[in-house]
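*Asks:* Next up, my_file.cif (mmCIF, C-alpha atoms).
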```cif
data_protein
#
loop_
_atom_site.label_atom_id
_atom_site.label_comp_id
_atom_site.auth_asym_id
_atom_site.auth_seq_id
_atom_site.Cartn_x
_atom_site.Cartn_y
_atom_site.Cartn_z
CA MET A 1 0.00 0.00 0.00
CA ALA A 2 2.92 2.34 0.63
CA ASP A 3 3.82 2.30 -3.10
CA GLU A 4 0.22 3.07 -4.09
CA THR A 5 0.12 6.05 -1.74
CA LYS A 6 3.44 7.30 -3.08
CA ASN A 7 2.08 7.27 -6.64
CA ASP A 8 -1.21 8.93 -5.74
CA PRO A 9 -0.91 12.56 -7.02
CA GLU A 10 -3.16 13.76 -4.19
CA GLN A 11 -0.94 12.17 -1.53
CA THR A 12 2.53 12.81 -2.93
CA PRO A 13 4.49 15.06 -0.52
CA PHE A 14 5.37 18.58 -1.64
CA VAL A 15 7.01 21.54 0.03
CA VAL A 16 4.15 23.57 1.48
CA THR A 17 4.33 27.25 0.54
CA ASP A 18 0.65 27.97 -0.04
CA VAL A 19 -1.34 30.08 2.43
CA LEU A 20 -3.90 27.27 2.79
CA GLY A 21 -1.25 24.58 3.01
CA GLY A 22 -1.99 23.22 -0.44
CA LYS A 23 0.63 20.66 -1.40
CA LYS A 24 -0.06 20.77 -5.12
CA LEU A 25 -1.51 24.05 -6.29
CA GLU A 26 -2.45 23.96 -9.99
CA ASP A 27 -3.43 26.56 -12.58
CA GLY A 28 -6.87 25.01 -12.93
CA ILE A 29 -10.48 25.83 -12.16
CA GLY A 30 -12.46 24.27 -9.34
CA VAL A 31 -16.21 24.77 -9.02
CA CYS A 32 -18.05 24.41 -5.71
CA LEU A 33 -21.80 23.80 -5.55
CA SER A 34 -23.20 24.32 -2.07
CA GLY A 35 -25.88 22.50 -0.16
CA GLY A 36 -29.43 23.75 0.25
CA GLY A 37 -31.88 21.12 -1.01
CA PHE A 38 -33.89 21.67 -4.19
CA ARG A 39 -33.52 25.41 -3.62
CA ALA A 40 -29.77 25.16 -4.12
CA MET A 41 -30.15 22.63 -6.95
CA LEU A 42 -32.31 25.07 -8.96
CA PHE A 43 -30.05 28.02 -8.08
CA HIS A 44 -27.05 26.02 -9.34
CA LEU A 45 -28.90 25.19 -12.56
CA GLY A 46 -29.10 28.90 -13.32
CA SER A 47 -25.38 29.20 -12.52
CA LEU A 48 -24.43 26.27 -14.75
CA ILE A 49 -26.48 27.67 -17.63
CA ARG A 50 -24.56 30.95 -17.44
CA LEU A 51 -21.20 29.18 -17.09
CA ASN A 52 -22.08 27.19 -20.20
CA GLU A 53 -23.05 30.28 -22.21
CA LEU A 54 -19.70 31.85 -21.35
CA GLY A 55 -17.77 28.79 -22.55
CA LEU A 56 -16.41 27.96 -19.10
CA LEU A 57 -17.68 24.39 -18.65
CA PRO A 58 -14.95 22.62 -20.68
CA ALA A 59 -12.27 24.65 -18.83
CA ILE A 60 -13.29 23.30 -15.42
CA ASP A 61 -11.02 20.69 -13.82
CA ARG A 62 -13.12 19.67 -10.83
CA PHE A 63 -16.62 20.00 -9.44
CA SER A 64 -16.97 19.64 -5.68
CA SER A 65 -20.50 19.42 -4.36
CA VAL A 66 -22.55 19.13 -1.21
CA SER A 67 -26.15 18.05 -0.60
CA GLY A 68 -28.45 19.90 -3.04
CA GLY A 69 -25.34 20.86 -4.99
CA SER A 70 -24.56 17.16 -5.39
CA LEU A 71 -27.95 16.66 -7.05
CA ALA A 72 -27.05 19.32 -9.62
CA ALA A 73 -23.49 18.01 -10.02
CA GLY A 74 -24.70 14.41 -10.29
CA ILE A 75 -27.10 15.29 -13.11
CA LEU A 76 -24.35 17.26 -14.88
CA ALA A 77 -21.91 14.36 -14.48
CA ALA A 78 -24.42 11.78 -15.70
CA GLY A 79 -25.20 13.89 -18.77
CA TRP A 80 -21.65 15.04 -19.53
CA SER A 81 -21.18 12.72 -22.51
CA GLY A 82 -24.20 14.29 -24.23
CA LEU A 83 -23.18 17.94 -23.85
CA ALA A 84 -21.66 18.28 -27.37
CA PHE A 85 -19.38 21.32 -27.04
CA ASP A 86 -19.11 23.62 -30.06
CA ALA A 87 -16.06 25.61 -31.18
CA ASP A 88 -16.74 28.28 -28.52
CA GLY A 89 -16.85 25.73 -25.70
CA VAL A 90 -20.63 26.01 -25.38
CA ALA A 91 -22.55 22.77 -24.81
CA THR A 92 -25.33 22.59 -27.39
CA GLY A 93 -26.80 19.56 -25.62
CA PHE A 94 -26.99 21.19 -22.18
CA HIS A 95 -30.77 21.56 -22.14
CA ASP A 96 -31.53 17.91 -22.95
CA SER A 97 -28.69 16.44 -20.86
CA VAL A 98 -28.87 18.67 -17.78
CA SER A 99 -31.74 21.17 -17.60
CA GLU A 100 -34.55 18.76 -18.43
CA PRO A 101 -33.50 15.96 -16.00
CA LEU A 102 -32.89 18.49 -13.22
CA LEU A 103 -36.24 20.21 -13.71
CA LYS A 104 -37.91 16.78 -13.80
CA LEU A 105 -36.43 15.95 -10.39
CA ALA A 106 -37.46 19.38 -9.05
CA ARG A 107 -41.11 18.46 -9.70
CA LYS A 108 -40.95 15.50 -7.29
CA HIS A 109 -41.64 15.25 -3.57
CA VAL A 110 -38.63 13.44 -2.10
CA ASP A 111 -38.13 14.31 1.57
CA ILE A 112 -41.53 13.55 3.16
CA PRO A 113 -42.12 10.19 1.36
CA SER A 114 -38.53 9.10 2.12
CA ILE A 115 -38.83 10.09 5.78
CA ALA A 116 -42.22 8.35 6.14
CA LEU A 117 -40.95 5.09 4.63
CA GLY A 118 -37.84 5.39 6.79
CA PHE A 119 -39.96 4.65 9.86
CA LEU A 120 -40.57 1.11 8.58
CA PRO A 121 -38.37 -1.66 10.02
CA PHE A 122 -35.10 -2.18 8.11
CA VAL A 123 -35.87 0.77 5.78
CA HIS A 124 -33.63 3.85 5.78
CA ALA A 125 -34.82 7.25 4.55
CA ALA A 126 -31.54 8.12 2.81
CA ASN A 127 -31.62 4.87 0.86
CA VAL A 128 -35.25 5.49 -0.15
CA ALA A 129 -34.17 8.90 -1.48
CA ALA A 130 -31.32 7.20 -3.37
CA TRP A 131 -33.82 4.81 -4.96
CA THR A 132 -35.91 7.80 -6.08
CA TYR A 133 -32.90 9.52 -7.65
CA ASP A 134 -31.79 6.32 -9.35
CA ARG A 135 -35.22 5.56 -10.77
CA SER A 136 -35.96 9.14 -11.83
CA ILE A 137 -32.72 10.45 -13.32
CA PHE A 138 -29.58 8.34 -12.87
CA GLY A 139 -30.73 5.04 -14.35
CA SER A 140 -28.39 2.76 -12.35
CA LYS A 141 -25.26 4.70 -13.32
CA THR A 142 -22.30 4.24 -11.00
CA LEU A 143 -19.31 6.38 -10.15
CA GLN A 144 -17.41 4.45 -12.83
CA ASP A 145 -19.73 5.93 -15.47
CA LEU A 146 -18.53 9.47 -14.71
CA PRO A 147 -16.14 11.34 -17.02
CA ASP A 148 -12.40 11.29 -16.34
CA ARG A 149 -12.36 15.06 -16.76
CA PRO A 150 -13.67 17.09 -15.13
CA ARG A 151 -13.47 15.17 -11.88
CA PHE A 152 -16.68 15.15 -9.87
CA VAL A 153 -16.36 14.87 -6.09
CA PHE A 154 -19.44 14.34 -3.92
CA THR A 155 -18.87 15.00 -0.23
CA SER A 156 -20.53 13.52 2.84
CA THR A 157 -19.76 13.80 6.54
CA SER A 158 -18.75 10.64 8.38
CA LEU A 159 -20.63 10.13 11.62
CA GLN A 160 -17.85 7.71 12.58
CA THR A 161 -14.79 9.90 12.13
CA GLY A 162 -16.20 13.44 12.00
CA VAL A 163 -14.50 14.31 8.69
CA LEU A 164 -15.45 14.28 5.02
CA TRP A 165 -16.03 11.18 2.93
CA ARG A 166 -15.31 12.01 -0.69
CA PHE A 167 -16.85 9.98 -3.51
CA ALA A 168 -15.30 10.21 -6.97
CA LYS A 169 -14.61 7.93 -9.92
CA GLU A 170 -10.99 7.28 -8.94
CA TYR A 171 -11.62 6.62 -5.28
CA ALA A 172 -13.81 7.19 -2.26
CA ALA A 173 -11.84 8.29 0.77
CA ASP A 174 -11.79 9.43 4.38
CA TRP A 175 -8.31 10.68 5.27
CA ARG A 176 -8.53 9.14 8.74
CA VAL A 177 -9.63 5.68 7.54
CA GLY A 178 -8.26 5.17 4.03
CA GLN A 179 -9.37 4.92 0.43
CA TRP A 180 -11.61 2.68 -1.63
CA ALA A 181 -10.13 2.52 -5.13
CA ASP A 182 -12.38 2.64 -8.21
CA PRO A 183 -15.64 2.35 -6.24
CA ASP A 184 -18.43 0.68 -8.22
CA LEU A 185 -21.02 2.54 -6.16
CA LYS A 186 -24.31 3.75 -7.57
CA LEU A 187 -24.19 7.46 -8.32
CA ALA A 188 -27.60 7.86 -6.68
CA LEU A 189 -26.30 6.49 -3.38
CA ALA A 190 -23.27 8.79 -3.37
CA VAL A 191 -25.58 11.75 -4.01
CA ALA A 192 -28.08 10.63 -1.35
CA ALA A 193 -25.26 10.27 1.19
CA SER A 194 -24.16 13.82 0.37
CA ALA A 195 -27.75 15.11 0.67
CA GLY A 196 -28.77 13.18 3.79
CA PHE A 197 -29.83 16.08 6.00
CA PRO A 198 -29.85 15.01 9.67
CA PRO A 199 -31.64 13.60 11.48
CA LEU A 200 -34.59 12.61 9.27
CA LEU A 201 -32.75 11.79 6.02
CA SER A 202 -29.64 10.50 7.78
CA PRO A 203 -27.59 8.43 8.05
CA ALA A 204 -26.99 6.88 4.67
CA ARG A 205 -25.53 3.42 5.10
CA VAL A 206 -22.93 2.31 2.57
CA LYS A 207 -21.41 -1.16 2.67
CA PRO A 208 -18.14 -1.38 0.70
CA PRO A 209 -16.90 -4.76 -0.54
CA LYS A 210 -14.93 -6.62 2.09
CA GLY A 211 -11.34 -5.36 2.25
CA ALA A 212 -11.97 -2.61 -0.34
CA ILE A 213 -10.89 0.23 1.94
CA LYS A 214 -7.12 0.34 2.35
CA SER A 215 -5.19 2.56 4.74
CA TRP A 216 -3.14 5.43 3.32
CA GLY A 217 0.09 3.86 4.56
CA GLU A 218 0.90 3.94 8.23
CA PRO A 219 -1.89 2.38 10.31
CA THR A 220 -3.97 4.68 12.50
CA THR A 221 -6.24 4.02 15.44
CA LEU A 222 -9.16 4.18 12.98
CA THR A 223 -7.86 1.45 10.69
CA GLY A 224 -9.88 -1.72 10.91
CA SER A 225 -13.18 -3.31 10.06
CA LYS A 226 -15.19 -1.23 12.54
CA PHE A 227 -14.61 1.87 10.40
CA SER A 228 -14.51 0.27 6.96
CA ASP A 229 -17.03 -2.57 6.72
CA LYS A 230 -19.99 -0.16 6.92
CA LEU A 231 -20.09 3.61 6.51
CA PHE A 232 -22.54 5.84 8.38
CA LEU A 233 -22.79 9.12 6.49
CA THR A 234 -24.71 12.33 6.90
CA ASP A 235 -25.06 15.52 4.88
CA GLY A 236 -21.77 16.93 3.59
CA GLY A 237 -22.93 20.38 4.68
CA VAL A 238 -22.44 19.42 8.33
CA TYR A 239 -18.68 19.64 7.71
CA ASP A 240 -18.42 22.07 4.77
CA ASN A 241 -21.62 23.41 3.19
CA LEU A 242 -19.74 25.28 0.46
CA GLY A 243 -17.84 22.22 -0.80
CA LEU A 244 -14.49 24.00 -0.61
CA GLU A 245 -12.32 21.28 0.90
CA PRO A 246 -11.69 19.23 -2.28
CA VAL A 247 -10.76 22.27 -4.39
CA TRP A 248 -9.47 25.34 -2.59
CA LYS A 249 -6.08 23.82 -1.72
CA ARG A 250 -5.71 22.48 -5.27
CA TYR A 251 -6.72 25.11 -7.84
CA ARG A 252 -5.82 28.75 -8.32
CA THR A 253 -9.25 29.68 -9.69
CA LEU A 254 -12.35 29.04 -7.58
CA LEU A 255 -15.96 29.49 -8.68
CA VAL A 256 -18.29 29.14 -5.70
CA SER A 257 -22.07 28.97 -6.09
CA ASP A 258 -23.83 29.26 -2.74
CA GLY A 259 -27.54 28.47 -2.62
CA GLY A 260 -27.46 27.49 1.05
CA ALA A 261 -29.52 28.65 3.97
CA VAL A 262 -29.22 32.22 5.17
CA THR A 263 -29.96 32.67 8.88
CA GLN A 264 -32.81 35.16 9.13
CA PRO A 265 -33.26 37.68 11.98
CA ILE A 266 -35.99 36.83 14.52
CA ALA A 267 -37.27 39.72 16.66
CA ARG A 268 -38.98 37.45 19.21
CA PRO A 269 -37.31 34.01 19.17
CA TRP A 270 -38.95 31.08 20.93
CA THR A 271 -37.21 30.37 24.22
CA ASN A 272 -38.12 26.74 24.88
CA TRP A 273 -35.18 24.33 24.97
CA TYR A 274 -35.82 22.74 21.58
CA SER A 275 -36.25 26.06 19.75
CA GLN A 276 -33.16 27.49 21.41
CA PHE A 277 -31.15 24.42 20.38
CA ARG A 278 -32.29 24.76 16.74
CA ARG A 279 -31.54 28.46 16.68
CA VAL A 280 -28.08 28.05 18.24
CA LEU A 281 -27.30 25.24 15.78
CA ASP A 282 -28.35 27.41 12.83
CA VAL A 283 -26.22 30.31 14.07
CA SER A 284 -23.21 28.01 14.62
CA LEU A 285 -23.47 26.53 11.12
CA GLN A 286 -23.91 30.01 9.61
CA GLN A 287 -20.82 31.28 11.41
CA GLY A 288 -18.71 28.47 9.93
CA ILE A 289 -20.00 29.28 6.44
CA SER A 290 -19.47 33.02 6.94
CA THR A 291 -15.90 32.42 8.07
CA ARG A 292 -15.14 30.43 4.93
CA ILE A 293 -16.68 33.17 2.77
CA ARG A 294 -14.45 35.77 4.45
CA ILE A 295 -11.43 33.56 3.76
CA LEU A 296 -12.46 33.32 0.10
CA HIS A 297 -12.64 37.09 -0.22
CA GLY A 298 -9.27 37.40 1.53
CA LEU A 299 -7.70 34.89 -0.86
CA ASP A 300 -9.00 36.90 -3.79
CA ARG A 301 -7.86 40.28 -2.44
CA SER A 302 -4.38 38.93 -1.72
CA GLN A 303 -4.36 37.28 -5.18
CA ALA A 304 -3.49 33.94 -3.60
CA ARG A 305 -6.51 32.73 -5.60
CA THR A 306 -8.79 34.09 -8.27
CA VAL A 307 -12.26 33.81 -6.75
CA ALA A 308 -15.78 34.38 -7.99
CA TYR A 309 -18.27 33.83 -5.17
CA TRP A 310 -22.01 34.34 -5.50
CA GLY A 311 -24.63 33.73 -2.84
CA ILE A 312 -28.40 33.49 -2.95
CA GLY A 313 -28.75 36.09 -0.19
CA THR A 314 -26.52 38.71 -1.84
CA THR A 315 -28.17 41.42 -3.92
CA VAL A 316 -27.03 41.66 -7.53
CA ASP A 317 -26.32 45.38 -7.13
CA SER A 318 -23.81 44.64 -4.35
CA TYR A 319 -21.31 43.16 -6.83
CA GLY A 320 -20.79 46.68 -8.20
CA LYS A 321 -21.13 45.83 -11.89
CA GLY A 322 -24.63 47.02 -12.59
CA ASN A 323 -27.77 44.93 -12.92
CA PRO A 324 -28.43 44.36 -16.64
CA LEU A 325 -31.01 41.66 -15.95
CA GLY A 326 -32.99 43.77 -13.49
CA PHE A 327 -32.95 41.12 -10.75
CA THR A 328 -34.14 43.23 -7.84
CA ALA A 329 -33.32 43.15 -4.14
CA ASP A 330 -36.91 42.02 -3.46
CA MET A 331 -36.45 39.06 -5.83
CA THR A 332 -33.22 38.15 -4.03
CA ALA A 333 -34.99 38.34 -0.66
CA CYS A 334 -37.77 36.04 -1.91
CA ALA A 335 -35.26 33.47 -3.22
CA ALA A 336 -33.26 33.55 0.02
CA VAL A 337 -36.22 32.53 2.20
CA VAL A 338 -37.31 29.52 0.13
CA PRO A 339 -37.01 26.46 2.41
CA THR A 340 -34.01 24.17 1.88
CA ARG A 341 -36.13 21.10 1.32
CA LEU A 342 -36.21 18.23 -1.16
CA THR A 343 -39.72 18.92 -2.35
CA LYS A 344 -41.72 20.38 -5.21
CA PHE A 345 -42.06 24.16 -5.04
CA SER A 346 -44.46 26.18 -7.16
CA ALA A 347 -43.47 26.80 -10.79
CA GLU A 348 -43.10 30.49 -9.94
CA THR A 349 -40.64 29.71 -7.13
CA ARG A 350 -38.67 27.26 -9.25
CA ARG A 351 -38.41 29.85 -12.02
CA LEU A 352 -37.27 32.51 -9.53
CA LEU A 353 -34.49 30.25 -8.20
CA VAL A 354 -33.12 29.48 -11.68
CA MET A 355 -33.19 33.21 -12.51
CA ALA A 356 -31.42 33.99 -9.22
CA GLY A 357 -28.56 31.59 -9.95
CA TYR A 358 -28.19 32.95 -13.48
CA ALA A 359 -28.25 36.63 -12.43
CA HIS A 360 -25.88 36.21 -9.49
CA THR A 361 -23.39 34.21 -11.55
CA GLU A 362 -23.33 36.89 -14.23
CA ALA A 363 -22.79 39.64 -11.65
CA ALA A 364 -20.08 37.79 -9.71
CA LEU A 365 -18.10 36.84 -12.82
CA ALA A 366 -18.34 40.39 -14.17
CA ALA A 367 -16.84 41.65 -10.89
CA SER A 368 -14.08 39.01 -10.80
CA ARG A 369 -10.70 38.49 -12.43
CA VAL A 370 -11.83 35.21 -14.02
CA PRO A 371 -11.06 35.17 -17.78
CA ILE A 372 -14.21 34.56 -19.87
CA PRO A 373 -13.65 32.38 -22.98
CA HIS A 374 -16.88 33.34 -24.78
CA PRO A 375 -18.33 36.66 -23.59
CA CYS A 376 -22.00 37.15 -24.40
CA THR A 377 -24.82 39.35 -23.15
CA PRO A 378 -26.95 37.64 -20.50
CA SER A 379 -30.69 37.14 -21.09
CA PHE A 380 -33.42 35.42 -19.10
CA ASP A 381 -35.01 34.59 -22.45
CA ARG A 382 -32.48 31.77 -22.87
CA LEU A 383 -33.50 30.03 -19.64
CA PRO A 384 -35.53 26.83 -19.92
CA ASP A 385 -39.29 26.86 -19.60
CA VAL A 386 -39.99 25.98 -15.96
CA ARG A 387 -43.40 24.29 -15.67
#
```
Kindly present the structure from the file in structure tokens form.

*Replies:*
Amino acid sequence: MADETKNDPEQTPFVVTDVLGGKKLEDGIGVCLSGGGFRAMLFHLGSLIRLNELGLLPAIDRFSSVSGGSLAAGILAAGWSGLAFDADGVATGFHDSVSEPLLKLARKHVDIPSIALGFLPFVHAANVAAWTYDRSIFGSKTLQDLPDRPRFVFTSTSLQTGVLWRFAKEYAADWRVGQWADPDLKLALAVAASAGFPPLLSPARVKPPKGAIKSWGEPTTLTGSKFSDKLFLTDGGVYDNLGLEPVWKRYRTLLVSDGGAVTQPIARPWTNWYSQFRRVLDVSLQQGISTRIRILHGLDRSQARTVAYWGIGTTVDSYGKGNPLGFTADMTACAAVVPTRLTKFSAETRRLLVMAGYAHTEAALAASRVPIPHPCTPSFDRLPDVR
């Protein structure tokens, strides 16, 4: 195993000079798609449509995703072979391969049926959700059906070790336990594990083949069958709701789409124990996200990275590059309070979320130092018909 670790480009030792401690910083592009249920999934669809129009999709080296972002990334990965890029790097098959399957999933009710069935003996809500995704959009595809480039990484949080489990074509891994090479795991299960919001849609239970998970080299206290014969995974957003970990130490250019929850002010909060616990938990999670966002802006200002960050709760005018699409502050406020659920919203709400992702992506890229391969004027008229 020592030789395998030595040859793994992600584990090979390098002299650390990067501000984030990145051991192999590359001149590539990493895209992060945040968590946030169907709300984030639809927001990311608008973002991906604009990235495609600008010819950026074929330039991307890695997609890292969490929860609702993993639904969007999973659909993009499953449809990658049908994108058909033209000479400008624009995917002419994007609508059929990505937009239509994603909008089809957005018309389904996933969370309540999965949770209800999860109360049955020997039935787990996360696995019911995985079955729904597989039957509706993924068609039994596995991680081995994903493209070699870009790399897609779906992140979950291990309830056993307290760190990320990463699922990709090349390997699934937890740095404390080891790696599972070339996992033949259903794409739907990897996505469901990433989107298993606790406690009702969590944990997702994954059972690797016996002996599939190998230690990185030197044994640790977590090496052994107790941590590798069955995985207990919850939403990747518990650890990193922006999906930064697999990319921000690796690539110089970061595109971060954030459709996650925004903690709203409450003038008269409930003071019972349960409500206080929920509120404190929300504030704690928001603080972790806010800290990472501040780091992103600091990386960009110091030019340690080239960063374009856009968030569902940020007004388009705040990017300082005008508002050619006329996406108002009131529209932003409406999008930011949509619940982060896995359920069917009204057609009006779904349309608003796609428009929000599109408008915020345009504004953030216009304000960034990211080179644009195929500049073109944005227009809501090119968005898919949301029914």

*Asks:* Got a sec to resolve the PyMOL selection byres ((chain A and resi 70) around 9) on this structure and send the residues as a PDB file with C-alpha atoms, in the frame of the given file?

*Replies:*
```pdb
ATOM      1  CA  LEU A  33     -21.800  23.800  -5.550  1.00  0.00           C
ATOM      2  CA  SER A  34     -23.200  24.320  -2.070  1.00  0.00           C
ATOM      3  CA  GLY A  35     -25.880  22.500  -0.160  1.00  0.00           C
ATOM      4  CA  MET A  41     -30.150  22.630  -6.950  1.00  0.00           C
ATOM      5  CA  SER A  64     -16.970  19.640  -5.680  1.00  0.00           C
ATOM      6  CA  SER A  65     -20.500  19.420  -4.360  1.00  0.00           C
ATOM      7  CA  VAL A  66     -22.550  19.130  -1.210  1.00  0.00           C
ATOM      8  CA  SER A  67     -26.150  18.050  -0.600  1.00  0.00           C
ATOM      9  CA  GLY A  68     -28.450  19.900  -3.040  1.00  0.00           C
ATOM     10  CA  GLY A  69     -25.340  20.860  -4.990  1.00  0.00           C
ATOM     11  CA  LEU A  71     -27.950  16.660  -7.050  1.00  0.00           C
ATOM     12  CA  ALA A  72     -27.050  19.320  -9.620  1.00  0.00           C
ATOM     13  CA  ALA A  73     -23.490  18.010 -10.020  1.00  0.00           C
ATOM     14  CA  GLY A  74     -24.700  14.410 -10.290  1.00  0.00           C
ATOM     15  CA  ILE A  75     -27.100  15.290 -13.110  1.00  0.00           C
ATOM     16  CA  VAL A 153     -16.360  14.870  -6.090  1.00  0.00           C
ATOM     17  CA  PHE A 154     -19.440  14.340  -3.920  1.00  0.00           C
ATOM     18  CA  THR A 155     -18.870  15.000  -0.230  1.00  0.00           C
ATOM     19  CA  ALA A 190     -23.270   8.790  -3.370  1.00  0.00           C
ATOM     20  CA  VAL A 191     -25.580  11.750  -4.010  1.00  0.00           C
ATOM     21  CA  ALA A 192     -28.080  10.630  -1.350  1.00  0.00           C
ATOM     22  CA  SER A 194     -24.160  13.820   0.370  1.00  0.00           C
ATOM     23  CA  ALA A 195     -27.750  15.110   0.670  1.00  0.00           C
TER      24      ALA A 195
END
```

*Asks:* Restrict the calculation to all atoms listed in the file, then for each residue of range 183-216 of chain A with any atom at most 12 Å from an atom of range 163-168 of chain A give the closest atom pair and their distance in Å to one decimal, rows by chain and rising residue number, as a tab-separated table.

*Replies:*
```
residue	atom	partner	partner_atom	distance
A:Pro183	CA	A:Ala168	CA	7.9
A:Asp184	CA	A:Ala168	CA	10.1
A:Leu185	CA	A:Phe167	CA	8.9
A:Lys186	CA	A:Phe167	CA	10.5
A:Leu187	CA	A:Phe167	CA	9.1
A:Ala188	CA	A:Phe167	CA	11.4
A:Leu189	CA	A:Phe167	CA	10.1
A:Ala190	CA	A:Phe167	CA	6.5
A:Val191	CA	A:Phe167	CA	8.9
A:Ala192	CA	A:Phe167	CA	11.5
A:Ala193	CA	A:Trp165	CA	9.4
A:Ser194	CA	A:Trp165	CA	8.9
A:Ala204	CA	A:Trp165	CA	11.9
A:Val206	CA	A:Trp165	CA	11.2
```

*Asks:* Given the file shown, determine the residues that the PyMOL selection byres ((chain A and resi 351) around 12) selects; report them as an MDAnalysis selection string.

*Replies:* chainID A and resid 39 42:43 45:46 103 106:107 331 334:335 345:350 352:358 380:381 383:387

*Asks:* Env of Ser368 in chain A: 8 Å cut, atoms = only C-alpha atoms, seq-sep filter 6 positions within chain, self excluded. Answer as a PDB file with C-alpha atoms, in the coordinates of the input.

*Replies:*
```pdb
ATOM      1  CA  THR A 306      -8.790  34.090  -8.270  1.00  0.00           C
ATOM      2  CA  VAL A 307     -12.260  33.810  -6.750  1.00  0.00           C
ATOM      3  CA  ALA A 308     -15.780  34.380  -7.990  1.00  0.00           C
TER       4      ALA A 308
END
```

*Asks:* Looking at all atoms listed in the file, which of A:Val283, A:Ile312, A:Leu231, A:Ile372 is the one that sits closest to Gly259 in chain A?

*Replies:*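 Looking only at the distances to Gly259 in chain A, the closest residue turns out to be A:Ile312.
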
*Asks:* Do a neighbour search on range 286-298 of chain A at 9 Å with only C-alpha atoms, toss out local chain neighbours closer than 6 positions, and write the hits as a list in words.

*Replies:* Asp240, Asn241, Leu242, Leu244, Trp248, Leu254, Ala261, Val262, Thr263, Ala304, Arg305, Val307, Ala308 and Tyr309 of chain A

*Asks:* Considering only C-alpha atoms, give me a table of residues in range 190-261 of chain A that are at most 7 Å from range 174-178 of chain A, with the closest atom pair and distance in Å for each, as a tab-separated table.

*Replies:*
```
residue	atom	partner	partner_atom	distance
A:Ile213	CA	A:Gly178	CA	6.0
A:Lys214	CA	A:Gly178	CA	5.2
A:Ser215	CA	A:Gly178	CA	4.1
A:Trp216	CA	A:Gly178	CA	5.2
A:Leu222	CA	A:Val177	CA	5.7
A:Thr223	CA	A:Val177	CA	5.6
A:Phe227	CA	A:Val177	CA	6.9
```

*Asks:* The PyMOL selection byres ((chain A and resi 63) around 6) - which residues does that actually catch in the file I just gave you? List them as a list in words.

*Replies:*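 Expected selection for the PyMOL selection byres ((chain A and resi 63) around 6) here is Gly30, Val31, Cys32, Arg62, Ser64 and Phe152 of chain A.
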
*Asks:* Could you name the residues that touch Pro199 in chain A at 10 Å or less, counting all atoms listed in the file, but leaving out those on the same chain fewer than 4 positions away, as a PyMOL selection string?

*Replies:* chain A and resi 115+125+203+234-235

*Asks:* For Pro101 in chain A, find every residue with an atom within 7 Å (counting only C-alpha atoms), except residues of its own chain fewer than 4 positions away, and show them as a list in words.

*Replies:* Ser97, Leu105 and Ile137 of chain A

*Asks:* Could you name the residues that touch Thr332 in chain A at 8 Å or less, counting all atoms listed in the file, but leaving out those on the same chain fewer than 4 positions away, as a ChimeraX atom specification?

*Replies:* /A:312-316,327-328,336,356

*Asks:* Which is closest to Ser379 in chain A among A:Ala329, A:Leu146, A:Ile49, A:Leu365, if we use only C-alpha atoms?

*Replies:* A:Ile49

*Asks:* Calculate how many Å separate CA of Gly82 in chain A from CA of His95 in chain A, rounding to one decimal.

*Replies:* 10.0 Å

*Asks:* Which residue, A:Val123, A:Ser156, A:Leu56, A:Gly93, has the smallest gap to Glu245 in chain A when you use only C-alpha atoms?

*Replies:*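 When distances to Glu245 in chain A are compared using only C-alpha atoms, the smallest one comes from A:Ser156.
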
*Asks:* Separation of CA of Asp258 in chain A and CA of Trp310 in chain A, in Å?

*Replies:*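 Atom-to-atom, CA of Asp258 in chain A to CA of Trp310 in chain A, that is 6.1 Å.
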